[in-house]
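Asks: So here's structure.txt (compact mmCIF, C-alpha atoms).
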# COMPACT_ATOMS: atom_id res chain seq x y z
CA MET G 10 112.89 96.24 91.07
CA SER G 11 114.83 99.49 91.44
CA ILE G 12 113.11 102.32 93.26
CA ALA G 13 113.16 104.33 90.01
CA SER G 14 110.77 101.85 88.39
CA TYR G 15 108.11 102.73 90.97
CA ILE G 16 108.15 106.45 90.26
CA ASP G 17 105.65 108.53 88.29
CA HIS G 18 107.83 111.64 87.81
CA THR G 19 105.32 114.41 88.31
CA LEU G 20 104.89 118.05 87.32
CA LEU G 21 101.31 119.29 87.69
CA LYS G 22 101.85 122.89 88.73
CA ALA G 23 99.71 125.48 86.98
CA ASP G 24 102.75 127.51 85.88
CA ALA G 25 104.77 124.62 84.42
CA THR G 26 106.78 125.78 81.41
CA THR G 27 107.91 123.94 78.29
CA GLU G 28 111.47 124.14 79.56
CA GLN G 29 110.46 122.46 82.84
CA ILE G 30 108.57 119.75 80.97
CA GLU G 31 111.62 119.05 78.80
CA LYS G 32 113.73 118.72 81.96
CA LEU G 33 111.13 116.39 83.49
CA CYS G 34 111.19 114.10 80.46
CA LYS G 35 114.98 114.11 80.28
CA GLU G 36 115.21 113.16 83.96
CA ALA G 37 112.62 110.42 83.52
CA ALA G 38 114.49 108.91 80.59
CA GLU G 39 117.89 109.11 82.31
CA ASN G 40 116.59 107.51 85.52
CA ARG G 41 114.21 105.05 83.84
CA PHE G 42 111.16 106.16 85.78
CA ALA G 43 107.84 104.43 85.08
CA THR G 44 106.12 107.53 83.71
CA VAL G 45 106.01 111.27 83.59
CA CYS G 46 102.74 112.60 85.00
CA VAL G 47 101.72 115.94 83.51
CA ASN G 48 98.66 118.05 82.87
CA PRO G 49 96.73 117.25 79.66
CA HIS G 50 98.14 120.30 77.87
CA TYR G 51 101.58 118.68 77.74
CA VAL G 52 100.68 115.08 76.91
CA ALA G 53 101.39 115.23 73.17
CA TYR G 54 104.63 117.10 73.77
CA CYS G 55 105.84 114.54 76.31
CA LYS G 56 104.88 111.70 73.99
CA GLU G 57 107.09 113.22 71.31
CA LEU G 58 110.00 113.75 73.68
CA LEU G 59 109.80 110.23 75.12
CA ASN G 60 108.99 108.38 71.92
CA ASP G 61 112.30 106.49 71.82
CA THR G 62 112.33 105.60 75.52
CA GLN G 63 110.54 103.12 77.80
CA VAL G 64 108.97 105.94 79.85
CA LYS G 65 105.18 106.16 79.54
CA VAL G 66 103.08 109.32 79.57
CA CYS G 67 100.53 109.66 82.36
CA THR G 68 98.03 112.48 82.71
CA VAL G 69 95.24 113.56 85.02
CA VAL G 70 91.48 113.75 84.48
CA GLY G 71 88.89 115.61 86.55
CA PHE G 72 91.85 117.20 88.27
CA PRO G 73 92.20 118.25 91.02
CA LEU G 74 88.65 118.35 92.46
CA GLY G 75 86.93 115.45 90.69
CA ALA G 76 83.73 117.48 90.58
CA ASN G 77 83.19 117.45 86.81
CA LYS G 78 80.37 115.46 85.26
CA THR G 79 81.39 111.96 84.17
CA ALA G 80 80.77 112.89 80.53
CA VAL G 81 83.33 115.70 80.83
CA LYS G 82 85.87 113.33 82.37
CA ILE G 83 85.28 110.83 79.57
CA PHE G 84 85.95 113.55 76.98
CA GLU G 85 89.16 114.47 78.81
CA MET G 86 90.25 110.85 78.81
CA GLU G 87 89.50 110.35 75.14
CA GLN G 88 91.52 113.44 74.24
CA ALA G 89 94.41 112.33 76.44
CA LEU G 90 94.51 108.92 74.76
CA GLN G 91 94.43 110.57 71.35
CA ASP G 92 97.39 112.74 72.40
CA GLY G 93 99.42 109.71 73.44
CA ALA G 94 98.81 109.07 77.14
CA THR G 95 98.75 105.42 78.19
CA GLU G 96 98.06 105.99 81.90
CA ILE G 97 95.22 108.07 83.33
CA ASP G 98 94.91 109.23 86.95
CA TYR G 99 91.35 110.44 87.49
CA VAL G 100 89.78 111.98 90.56
CA ILE G 101 86.57 110.56 91.98
CA ASN G 102 83.70 112.87 92.84
CA VAL G 103 84.39 113.24 96.56
CA SER G 104 80.95 114.76 97.06
CA ASP G 105 79.36 111.50 95.90
CA VAL G 106 81.31 109.67 98.58
CA LYS G 107 80.35 112.13 101.30
CA ASN G 108 76.71 111.86 100.19
CA GLY G 109 76.88 108.08 100.36
CA ASP G 110 76.24 107.68 96.63
CA PHE G 111 78.67 104.83 96.05
CA GLN G 112 76.70 103.62 93.05
CA ALA G 113 77.71 106.81 91.23
CA ILE G 114 81.35 106.09 92.05
CA LYS G 115 80.99 102.56 90.67
CA ASP G 116 79.15 103.69 87.54
CA GLU G 117 81.87 106.21 86.75
CA MET G 118 84.61 103.59 87.13
CA ASN G 119 82.77 101.26 84.79
CA HIS G 120 82.37 104.03 82.19
CA PHE G 121 86.13 104.52 82.13
CA LEU G 122 86.87 100.81 82.05
CA LYS G 123 84.95 100.51 78.78
CA MET G 124 87.81 102.40 77.11
CA LYS G 125 90.24 99.60 77.91
CA SER G 126 88.63 97.35 75.30
CA LYS G 127 89.80 99.75 72.60
CA ASN G 128 93.04 100.67 74.38
CA PRO G 129 94.50 97.45 75.84
CA GLU G 130 97.63 99.22 77.12
CA LEU G 131 95.59 101.76 79.09
CA ILE G 132 96.19 101.87 82.85
CA ILE G 133 93.57 103.65 84.97
CA LYS G 134 94.33 104.96 88.44
CA VAL G 135 91.49 106.21 90.66
CA ILE G 136 92.44 109.09 92.96
CA LEU G 137 90.53 108.91 96.24
CA GLU G 138 91.87 112.13 97.86
CA VAL G 139 92.10 110.38 101.21
CA CYS G 140 92.56 113.58 103.24
CA TYR G 141 88.80 114.20 102.86
CA LEU G 142 87.64 110.63 103.55
CA THR G 143 87.05 108.55 106.64
CA ASP G 144 88.65 105.12 107.00
CA SER G 145 85.28 103.57 106.19
CA GLU G 146 84.92 105.64 103.02
CA ILE G 147 88.45 104.77 101.90
CA SER G 148 87.59 101.11 102.42
CA LYS G 149 84.31 101.35 100.49
CA VAL G 150 85.84 103.09 97.47
CA SER G 151 88.73 100.61 97.45
CA MET G 152 86.26 97.74 97.51
CA ILE G 153 84.37 99.23 94.55
CA ALA G 154 87.68 99.47 92.67
CA ARG G 155 88.30 95.80 93.41
CA GLU G 156 84.81 94.83 92.24
CA CYS G 157 85.28 96.80 89.02
CA ASN G 158 88.81 95.44 88.51
CA ILE G 159 90.34 98.91 88.15
CA ASP G 160 94.13 99.00 87.75
CA PHE G 161 95.12 101.25 90.66
CA VAL G 162 93.74 103.15 93.61
CA LYS G 163 95.74 106.29 94.38
CA THR G 164 95.85 108.25 97.61
CA SER G 165 95.98 111.90 96.64
CA THR G 166 96.18 114.65 94.06
CA GLY G 167 98.86 116.53 95.97
CA PHE G 168 96.55 119.56 95.91
CA GLY G 169 94.27 118.64 98.81
CA SER G 170 94.69 119.38 102.50
CA GLY G 171 96.97 116.36 102.95
CA GLY G 172 98.78 113.63 101.06
CA ALA G 173 99.54 109.95 101.40
CA THR G 174 99.44 108.41 104.87
CA GLU G 175 100.51 105.00 106.06
CA GLU G 176 97.06 104.40 107.51
CA ALA G 177 95.24 105.15 104.26
CA VAL G 178 97.64 103.05 102.18
CA GLN G 179 97.26 100.13 104.58
CA ILE G 180 93.47 100.23 104.25
CA MET G 181 93.65 100.49 100.47
CA LYS G 182 96.11 97.60 100.26
CA ASP G 183 94.16 95.40 102.68
CA VAL G 184 90.92 95.87 100.75
CA SER G 185 92.26 95.73 97.18
CA GLY G 186 94.55 92.78 97.85
CA GLU G 187 96.42 91.52 94.81
CA THR G 188 93.68 92.53 92.40
CA VAL G 189 94.15 96.31 92.46
CA LYS G 190 97.50 98.02 92.86
CA VAL G 191 98.09 101.04 95.09
CA LYS G 192 99.78 104.33 94.21
CA ALA G 193 100.93 106.63 97.01
CA SER G 194 101.27 110.32 96.21
CA GLY G 195 101.33 113.66 97.96
CA GLY G 196 104.15 114.73 100.26
CA ILE G 197 106.63 111.99 99.29
CA ARG G 198 109.96 113.82 99.25
CA THR G 199 112.73 111.48 100.41
CA ILE G 200 113.99 107.98 99.76
CA GLU G 201 112.85 107.07 103.27
CA ASP G 202 109.31 108.23 102.41
CA ALA G 203 109.30 106.18 99.22
CA GLU G 204 110.73 103.05 100.84
CA LYS G 205 108.17 103.28 103.64
CA PHE G 206 105.25 103.17 101.21
CA ILE G 207 106.84 100.52 99.01
CA ALA G 208 107.26 98.34 102.09
CA LEU G 209 103.52 98.70 102.70
CA GLY G 210 102.87 97.25 99.25
CA THR G 211 102.46 100.23 96.95
CA SER G 212 103.33 99.63 93.31
CA ARG G 213 103.77 103.26 92.28
CA ILE G 214 105.00 106.46 93.91
CA GLY G 215 103.78 109.81 92.57
CA THR G 216 106.27 112.57 93.29
CA SER G 217 107.97 115.61 91.82
CA ASN G 218 111.09 114.63 93.76
CA GLY G 219 111.99 111.51 91.79
CA VAL G 220 115.58 112.47 91.03
CA THR G 221 116.43 113.41 94.61
CA ILE G 222 114.72 110.24 95.87
CA VAL G 223 116.77 107.90 93.69
CA LYS G 224 119.91 109.77 94.76
CA GLY G 225 118.90 109.42 98.41
CA LYS G 226 118.65 113.14 99.14
CA ALA G 227 116.00 115.14 100.98
CA ALA G 228 113.76 117.31 98.79
CA LEU G 229 111.67 120.40 99.39
CA ASN G 230 109.13 120.22 96.56
CA GLU G 231 105.51 120.08 97.68
CA TYR G 232 103.99 117.37 95.47
What does the file become when written as structure tokens?
Replies:
Amino acid sequence: MSIASYIDHTLLKADATTEQIEKLCKEAAENRFATVCVNPHYVAYCKELLNDTQVKVCTVVGFPLGANKTAVKIFEMEQALQDGATEIDYVINVSDVKNGDFQAIKDEMNHFLKMKSKNPELIIKVILEVCYLTDSEISKVSMIARECNIDFVKTSTGFGSGGATEEAVQIMKDVSGETVKVKASGGIRTIEDAEKFIALGTSRIGTSNGVTIVKGKAALNEY
């Protein structure tokens, strides 16, 4: 697999413009990235722009804090699917984890998984926001994802106090095994960064620096 096929080409900034989204989609198509990852507002637009390409549209739910009620997240997901998204990255309720309410985390995952029966192409990625979690908590949430048979566990939103780390990815990979894939995101700016996480077993890389990564250059973007 080429490194481009691992990349979710990402633009989630609050001030993203239509012109920037068009550029994102053009870059994704030219480089054959896995997806573009955008805020829900731009899903339908990206779907239109990428309709004749192999690039999928990914969007975020409960983003970036994960603190919405599950019913609100479900509504967001339903709307995103209606608009043309085929991949959803949703944020867990970190407070539930810190409170030790892992049943709530599991229940929410299972609610989202019910949508896959009606949308067989749907890929769901669970964002843990590892910068706020202990190693034990990362392990527990990853185990729940494995028990639920979720598609991916993902390290970070890119908006927290830190991004992907080798330690967190290793825990997630060790616990999820071959059942659940791992997506590393947050602070991945160079080809060396991307190759490091791919070597650890990640199946996706979330970054706004996809073009510079595939060209082997250093990048300055934050996500």
Asks: For range 191-201 of chain G, what centre and edge lengths in Å (one decimal) does the axis-aligned box get once 5 Å is added on each side of all its listed atoms, as lines of an AutoDock Vina configuration file?
Replies:
center_x = 106.0
center_y = 107.9
center_z = 98.7
size_x = 25.9
size_y = 23.7
size_z = 19.1
Asks: From (87.7, 106.8, 103.6), in the file's coordinates, out to 12 Å: which residues are reached, counting all atoms listed in the file? Answer as a PyMOL selection string.
Replies: chain G and resi 103+106-107+109+111+136-152+164-165+174+176-181+184
Asks: Using only C-alpha atoms, can you tell me which of G:Asp160, G:Glu117, G:Glu204, G:Asp110 comes closest to Glu96 in chain G?
Replies: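 Ranked by minimum distance to Glu96 in chain G, first place goes to G:Asp160.
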Asks: Could you tell me how far CA of Ser11 in chain G lies from CA of Gly186 in chain G, in Å and to one decimal?
Replies: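 That distance, rounded to one decimal, is 22.3 Å.
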Asks: Select, from G:Glu87, G:Val162, G:Ile222, G:Ile153, the residue with the minimum atom-to-atom distance to Lys125 in chain G, counting only C-alpha atoms.
Replies: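 That would be G:Glu87, the residue with the smallest distance to Lys125 in chain G.
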Asks: Would you mind telling me which residue in G:Lys182, G:Leu131, G:Gln91, G:Val220 lies nearest to Lys32 in chain G when using all atoms listed in the file?
Replies: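 Closest to Lys32 in chain G of all the choices is G:Val220.
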Asks: Rounded to one decimal place, report the CA of Asp24 in chain G-CA of Lys56 in chain G distance in Å.
Replies: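 That distance, rounded to one decimal, is 19.9 Å.
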Asks: Is it possible to add N, CA, C and O atoms to range 31-49 of chain G and hand it back as a PDB file, in the coordinates of the input?
Replies:
ATOM      1  N   GLU G  31     110.482 119.691  79.474  1.00  0.00           N
ATOM      2  CA  GLU G  31     111.620 119.050  78.800  1.00  0.00           C
ATOM      3  C   GLU G  31     112.572 118.458  79.822  1.00  0.00           C
ATOM      4  O   GLU G  31     113.074 117.335  79.648  1.00  0.00           O
ATOM      5  N   LYS G  32     112.845 119.198  80.889  1.00  0.00           N
ATOM      6  CA  LYS G  32     113.730 118.720  81.960  1.00  0.00           C
ATOM      7  C   LYS G  32     113.139 117.487  82.634  1.00  0.00           C
ATOM      8  O   LYS G  32     113.845 116.516  82.923  1.00  0.00           O
ATOM      9  N   LEU G  33     111.820 117.522  82.877  1.00  0.00           N
ATOM     10  CA  LEU G  33     111.130 116.390  83.490  1.00  0.00           C
ATOM     11  C   LEU G  33     111.308 115.134  82.663  1.00  0.00           C
ATOM     12  O   LEU G  33     111.632 114.060  83.184  1.00  0.00           O
ATOM     13  N   CYS G  34     111.084 115.257  81.358  1.00  0.00           N
ATOM     14  CA  CYS G  34     111.190 114.100  80.460  1.00  0.00           C
ATOM     15  C   CYS G  34     112.625 113.593  80.369  1.00  0.00           C
ATOM     16  O   CYS G  34     112.867 112.376  80.342  1.00  0.00           O
ATOM     17  N   LYS G  35     113.576 114.499  80.332  1.00  0.00           N
ATOM     18  CA  LYS G  35     114.980 114.110  80.280  1.00  0.00           C
ATOM     19  C   LYS G  35     115.363 113.336  81.537  1.00  0.00           C
ATOM     20  O   LYS G  35     116.028 112.294  81.469  1.00  0.00           O
ATOM     21  N   GLU G  36     114.929 113.837  82.689  1.00  0.00           N
ATOM     22  CA  GLU G  36     115.210 113.160  83.960  1.00  0.00           C
ATOM     23  C   GLU G  36     114.562 111.780  84.008  1.00  0.00           C
ATOM     24  O   GLU G  36     115.167 110.812  84.484  1.00  0.00           O
ATOM     25  N   ALA G  37     113.336 111.700  83.515  1.00  0.00           N
ATOM     26  CA  ALA G  37     112.620 110.420  83.520  1.00  0.00           C
ATOM     27  C   ALA G  37     113.326 109.389  82.655  1.00  0.00           C
ATOM     28  O   ALA G  37     113.459 108.215  83.037  1.00  0.00           O
ATOM     29  N   ALA G  38     113.788 109.826  81.486  1.00  0.00           N
ATOM     30  CA  ALA G  38     114.490 108.910  80.590  1.00  0.00           C
ATOM     31  C   ALA G  38     115.831 108.472  81.179  1.00  0.00           C
ATOM     32  O   ALA G  38     116.185 107.290  81.136  1.00  0.00           O
ATOM     33  N   GLU G  39     116.577 109.412  81.751  1.00  0.00           N
ATOM     34  CA  GLU G  39     117.890 109.110  82.310  1.00  0.00           C
ATOM     35  C   GLU G  39     117.796 108.152  83.504  1.00  0.00           C
ATOM     36  O   GLU G  39     118.650 107.296  83.692  1.00  0.00           O
ATOM     37  N   ASN G  40     116.732 108.316  84.301  1.00  0.00           N
ATOM     38  CA  ASN G  40     116.590 107.510  85.520  1.00  0.00           C
ATOM     39  C   ASN G  40     115.685 106.299  85.343  1.00  0.00           C
ATOM     40  O   ASN G  40     115.512 105.523  86.270  1.00  0.00           O
ATOM     41  N   ARG G  41     115.101 106.169  84.164  1.00  0.00           N
ATOM     42  CA  ARG G  41     114.210 105.050  83.840  1.00  0.00           C
ATOM     43  C   ARG G  41     113.019 104.966  84.790  1.00  0.00           C
ATOM     44  O   ARG G  41     112.696 103.908  85.329  1.00  0.00           O
ATOM     45  N   PHE G  42     112.375 106.134  84.979  1.00  0.00           N
ATOM     46  CA  PHE G  42     111.160 106.160  85.780  1.00  0.00           C
ATOM     47  C   PHE G  42     110.031 105.480  85.007  1.00  0.00           C
ATOM     48  O   PHE G  42     110.093 105.322  83.783  1.00  0.00           O
ATOM     49  N   ALA G  43     108.976 105.099  85.725  1.00  0.00           N
ATOM     50  CA  ALA G  43     107.840 104.430  85.080  1.00  0.00           C
ATOM     51  C   ALA G  43     107.139 105.360  84.090  1.00  0.00           C
ATOM     52  O   ALA G  43     106.866 104.983  82.950  1.00  0.00           O
ATOM     53  N   THR G  44     106.830 106.563  84.562  1.00  0.00           N
ATOM     54  CA  THR G  44     106.120 107.530  83.710  1.00  0.00           C
ATOM     55  C   THR G  44     106.543 108.948  84.057  1.00  0.00           C
ATOM     56  O   THR G  44     107.175 109.194  85.088  1.00  0.00           O
ATOM     57  N   VAL G  45     106.141 109.881  83.190  1.00  0.00           N
ATOM     58  CA  VAL G  45     106.010 111.270  83.590  1.00  0.00           C
ATOM     59  C   VAL G  45     104.517 111.522  83.739  1.00  0.00           C
ATOM     60  O   VAL G  45     103.718 111.022  82.945  1.00  0.00           O
ATOM     61  N   CYS G  46     104.140 112.267  84.779  1.00  0.00           N
ATOM     62  CA  CYS G  46     102.740 112.600  85.000  1.00  0.00           C
ATOM     63  C   CYS G  46     102.578 114.103  84.867  1.00  0.00           C
ATOM     64  O   CYS G  46     103.132 114.867  85.668  1.00  0.00           O
ATOM     65  N   VAL G  47     101.839 114.519  83.845  1.00  0.00           N
ATOM     66  CA  VAL G  47     101.720 115.940  83.510  1.00  0.00           C
ATOM     67  C   VAL G  47     100.258 116.298  83.254  1.00  0.00           C
ATOM     68  O   VAL G  47      99.410 115.425  83.070  1.00  0.00           O
ATOM     69  N   ASN G  48      99.991 117.593  83.224  1.00  0.00           N
ATOM     70  CA  ASN G  48      98.660 118.050  82.870  1.00  0.00           C
ATOM     71  C   ASN G  48      98.372 117.758  81.394  1.00  0.00           C
ATOM     72  O   ASN G  48      99.302 117.647  80.578  1.00  0.00           O
ATOM     73  N   PRO G  49      97.088 117.640  81.024  1.00  0.00           N
ATOM     74  CA  PRO G  49      96.730 117.250  79.660  1.00  0.00           C
ATOM     75  C   PRO G  49      97.355 118.118  78.566  1.00  0.00           C
ATOM     76  O   PRO G  49      97.649 117.620  77.470  1.00  0.00           O
TER      77      PRO G  49
END
